[in-house]
Amino acid sequence: MADKHEMKKPKKQSPTVFGYPVSIFFIVINEFCERFSYYGMRAVLVLYFRYFLRWDENLATTIYHTFVALCYLTPILGAIVADSWLGKFKTIVYLSIVYAVGQVVMAVSAINDITDANKDGTPDNMTVHVALSMVGLLLIALGTGGIKPCVAAFGGDQFQDDQEKERGTFFSIFYLSINAGSLLSTVITPILRAKECGIHTQQSCYPLAFGVPAALMVVALIVFIVGSGMYKKTAPQGNIMVKVCQCIGFAIMNRFDHRSSQYPKREHWMDWADDKYDKLLIAQVKMVLKVLFLYIPLPMFWALFDQQGSRWTLQATNMDGDFGALIIQPDQMQTVNPILILLLVPIMDSVVYPLISKCNLNFSPLKRMTVGMLFAAIAFVAAALVQIQIDKTLPKFPSSTEGQVKFINMLNRPLEIKAGMNTIELKAFMGNDDYLTYNEPFILTLGPNYSYPVDLLDGARTTMVITEEKAKALSFNDSDSKPEQGGNFVRIFNGYNSVLNVTVGNLEDSDLGFNQMSKYFLLPQGDAQFKIRKETGEECLYSQKLGFGSSYTLLIPSTFTFGDKCGEKISQVVDIKPNTIHMAWQIPQYFLMTAGEVVFSVTGLEFSYSQAPSNMKSVLQAGWLLTVAVGNIIVLIIAEAAQLPEKWAEYILFASLLVLVCIIFSIMAYFYVYTDPSKIEAQFNQNNPEEKRRKSLEMARKDSFEYNKEKRPSSDSSSDEEEQRQTKI
């Protein structure tokens with residue numbers, strides 16, 4: 001029910017600054033903080049699934065897109081609650097509380113120390129973290145989706161009917177705050193994630209990466225509540241979507257009840273609703289259904305578009321992010337999209353479209369949408385080409401029936417090794433570059449007079465170190481996976497005839513005895529500093545430049561000496577080569593996808609508004625958001641069902657499906673006949689004064705559901721033009 005006190009309270013003039021209600025500044029700040037919170041959390045989400053919860057890429061992708069789908073389904077619920085029950089203000093406040101709680105729960109779920117009883121850096125009860133994460137994401141989806149159709153509309157409500165210009169400026173500033181929040185968050189939160197924090201052990205700082213968005217959401221809620229006394233609040237007036245659904249439902253049931261051939265056929269199946277609903281409403285529903293029918297192929301575009309935050313981010317983890325003075329994290333590549341949007345929207349509107357118009361080409365909205373879908377498909381072809389090059393650089397790990405081995409010669413002389421049918425020449429204190437793969441035991445011959453059998457059929461990677469003449473080599477297990485998140489594995493073998501203490505940066509130190517191998521140290525990109533100290537107090541400082549995703553074994557030889565040039569005696573063996581494909585190669589696919597978004601999404605919304613009845617634009621907004629949700633559901637279905645062994649093949653599959661859908665959409669568009677809803681409505685008003693009065697009352701109601709923005713409709717003839725301008729933004 002509506003708030004009785006609110007309904008009886010007389011209207012008051014809100015304080016203004018330069019002709020603008022002061023209340024809108026609270027709303028703009030609220031939107032900036034909320035968008036920072038949402039996009040900041042979402043930017044690091046798939047990496048959190050992959051590297052904290054330890055899910056494989058398919059499961060991480062599936063849950064990510066399930067979450068995004070929920071975020072685009074819940075706006076329908078939020079709009080109905082706001083317009084039919086609580087009103088916009090209360091809906092925003094209540095769901096913002098749910099939203100903030102969800103963000104806090106996500107931050108808590110990322111604290112590994114809460115279940116790390118043995119303090120080894122690994123959570124002992126991952127179920128707790130998974131449960132907290134799922135609860136947090138469910139609350140966030142309910143909150144962000146529920147307030148999406150309300151905030152912009154509530155801002156539009158703050159203006160008087162004669163403030164069309166000021167209202168338009170507000171929506172432009174509102175849109176700017178959305179982009180500013182999303183752009184800054186996708187830059188900042190990956191940096192926070194890359195930092196290391198923890199109580200017992202230092203880990204990637206997901207609690208901070210989720211905690212800052214949580215804090216911003218709390219700030220957004222506080223700021224919005226502080227402005228409460230200045231807001232102009234309207235009581236709930238009913239939701240047009242509910243009425244449309246009731247009309248469609250009645251038509252279907254009535255047609256079913258009169259399915260017998262004895263009843264005369266009607267021109268359109270919606271005409272069966274005229275037993276209860278007026279002809280104007282039925283005509284308006286027909287126009288809406290006509291556009292919604294065109295929406296059927298559209299989810300496939302969003303299936304590709306939203307993989308920027310999942311598959312493409314995971315792709316970047318196997319690439320080189322060194323941009324000279326800048327080190328780009330994999331999840332920061334998502335910032336390319338909002339940057340390009342800000343560049344391409346004015347270019348398209350001011351340059352491309354006018355040029356096409358001057359060439360007398362019929363580049364209709366539906367044709368633009370078709371081109372946008374093709375851009376997205378080409379973007380995934382580009383992603384597949386990049387993936388093929390990445391795959392060439394990735395290490396090949398053994399299967400469960402194979403074994404891989406490499407050799408290191410710690411003797412102070414060259415050594416010839418025969419491993420089965422392979423002959424390897426090793427210099428002193430060096431190792432071979434590549435692993436040898438075996439699927440059966442082999443004979444290892446060290447020199448002319450010593451050999452023994454080796455069984456490496458357990459799927460392991462092994463380094464065999466030759467330290468003595470006529471003696472078995474020492475065996476050490478190597479890493480069976482590439483370092484995560486662009487990190488680097490480094491370990492040290494002590495061939496010096498003394499115990500050495502090794503300190504790696506500011507992390508930790510360890511004592512290495514003679515002919516001992518240290519554990520792997522996980523180090524970030526950059527210059528890694530090693531301090532090697534002898535029991536007598538002598539020290540050696542050694543620096544190793546690290547890239548992304550590499551693994552090294554450092555060798556301290558028996559000829560090692562302390563002094564100014566001690567580091568020159570230390571040699572390195574490359575176990576896993578660093579990433580060599582640069583992240584800049586992802587920019588073309590981001591450019592193509594963003595160009596497709598600008599041509600497809602902006603044009604699609606503008607087309608929908610032009611073809612929708614004046615009082616049913618919110619219904620089409622709900623339908624548009626539904627296509628985004630269905631697109632994300634398509635991703636999780638394909639990710640689980642296809643199970644293609646190669647990632648590039650999955651990219652080609654998505655591109656092929658979108659091309660097929662694009663062909664279907666172009667055929668549907670060819671037969672689509674553009675309509676003018678205002679003329680159709682005018683005809684009904686002229687023929688029936690009662691319907692004219694009913695339409696006038698209906699037009700007085702607020703559109704309750706907007707994609708990113710919503711304006712209060714009025715009978716002014718500039719209403720449709722203003723709404724189209726807002727949508728085009």
# chains A, B, ... in the order shown; residues from 1 in each chain; ligands from 1
$ closest_atom_pairs --of "segment 259-325 of chain A" --to "segment 43-57 of chain A" --cutoff "9 Å" --atoms "only C-alpha atoms" --output "CSV"
residue,atom,partner,partner_atom,distance
A:Gly309,CA,A:Ala43,CA,6.6
A:Ser310,CA,A:Val46,CA,5.9
A:Arg311,CA,A:Glu57,CA,8.2
A:Thr313,CA,A:Val46,CA,7.9
A:Leu314,CA,A:Leu47,CA,7.4
$ closest_atom_pairs --of "segment 578-695 of chain A" --to "segment 372-375 of chain A" --cutoff "12 Å" --atoms "only C-alpha atoms" --output "CSV"
residue,atom,partner,partner_atom,distance
A:Pro588,CA,A:Phe375,CA,11.1
A:Gln589,CA,A:Phe375,CA,9.3
A:Tyr590,CA,A:Phe375,CA,10.4
A:Phe591,CA,A:Phe375,CA,9.2
A:Leu592,CA,A:Phe375,CA,5.5
A:Met593,CA,A:Phe375,CA,6.2
A:Thr594,CA,A:Phe375,CA,8.6
A:Ala595,CA,A:Phe375,CA,6.9
A:Gly596,CA,A:Gly372,CA,3.8
A:Glu597,CA,A:Gly372,CA,6.4
A:Val598,CA,A:Gly372,CA,7.5
A:Val599,CA,A:Gly372,CA,5.1
A:Phe600,CA,A:Gly372,CA,4.6
A:Ser601,CA,A:Gly372,CA,8.2
A:Val602,CA,A:Gly372,CA,10.1
A:Thr603,CA,A:Gly372,CA,9.3
A:Gly604,CA,A:Gly372,CA,9.9
A:Phe654,CA,A:Met373,CA,11.7
A:Ala655,CA,A:Leu374,CA,8.7
A:Ser656,CA,A:Leu374,CA,10.2
A:Leu657,CA,A:Met373,CA,10.8
A:Leu658,CA,A:Met373,CA,7.0
A:Val659,CA,A:Leu374,CA,6.6
A:Leu660,CA,A:Leu374,CA,10.1
A:Val661,CA,A:Met373,CA,8.8
A:Cys662,CA,A:Met373,CA,6.4
A:Ile663,CA,A:Leu374,CA,9.7
A:Ile664,CA,A:Met373,CA,11.6
A:Phe665,CA,A:Met373,CA,9.6
A:Ser666,CA,A:Met373,CA,10.3
$ closest_residue --among "A:Met348, A:Thr127, A:Ser172, A:Ala220" --to "Ala100 of chain A" --atoms "only C-alpha atoms"
A:Ala220
$ select_by_dssp --residues "segment 17-233 of chain A" --states "strand (DSSP E or B)" --output "tab-separated table (two decimals) with C-alpha atoms, in the first residue's frame"
chain	number	residue	atom	x	y	z
A	17	VAL	CA	20.71	25.47	-7.44
A	20	TYR	CA	18.15	22.36	-10.70
A	21	PRO	CA	16.63	20.63	-7.66
A	196	GLU	CA	48.90	-9.09	-1.31
A	197	CYS	CA	47.27	-9.16	2.10
A	203	GLN	CA	47.53	-13.78	-0.76
A	204	SER	CA	45.94	-11.89	-3.64
$ closest_residue --among "A:Ala69, A:Ile328, A:Ala471, A:Leu555" --to "Gly631 of chain A" --atoms "only C-alpha atoms"
A:Ala69
$ atom_distance --atom1 "atom CA of Asp322 of chain A" --atom2 "atom CA of Asn579 of chain A"
10.3 Å
$ atom_distance --atom1 "atom CA of Arg461 of chain A" --atom2 "atom CA of Phe476 of chain A"
8.6 Å
$ closest_residue --among "A:Asp331, A:Asp575, A:Asp275, A:Glu416" --to "Asn254 of chain A" --atoms "only C-alpha atoms"
A:Asp275
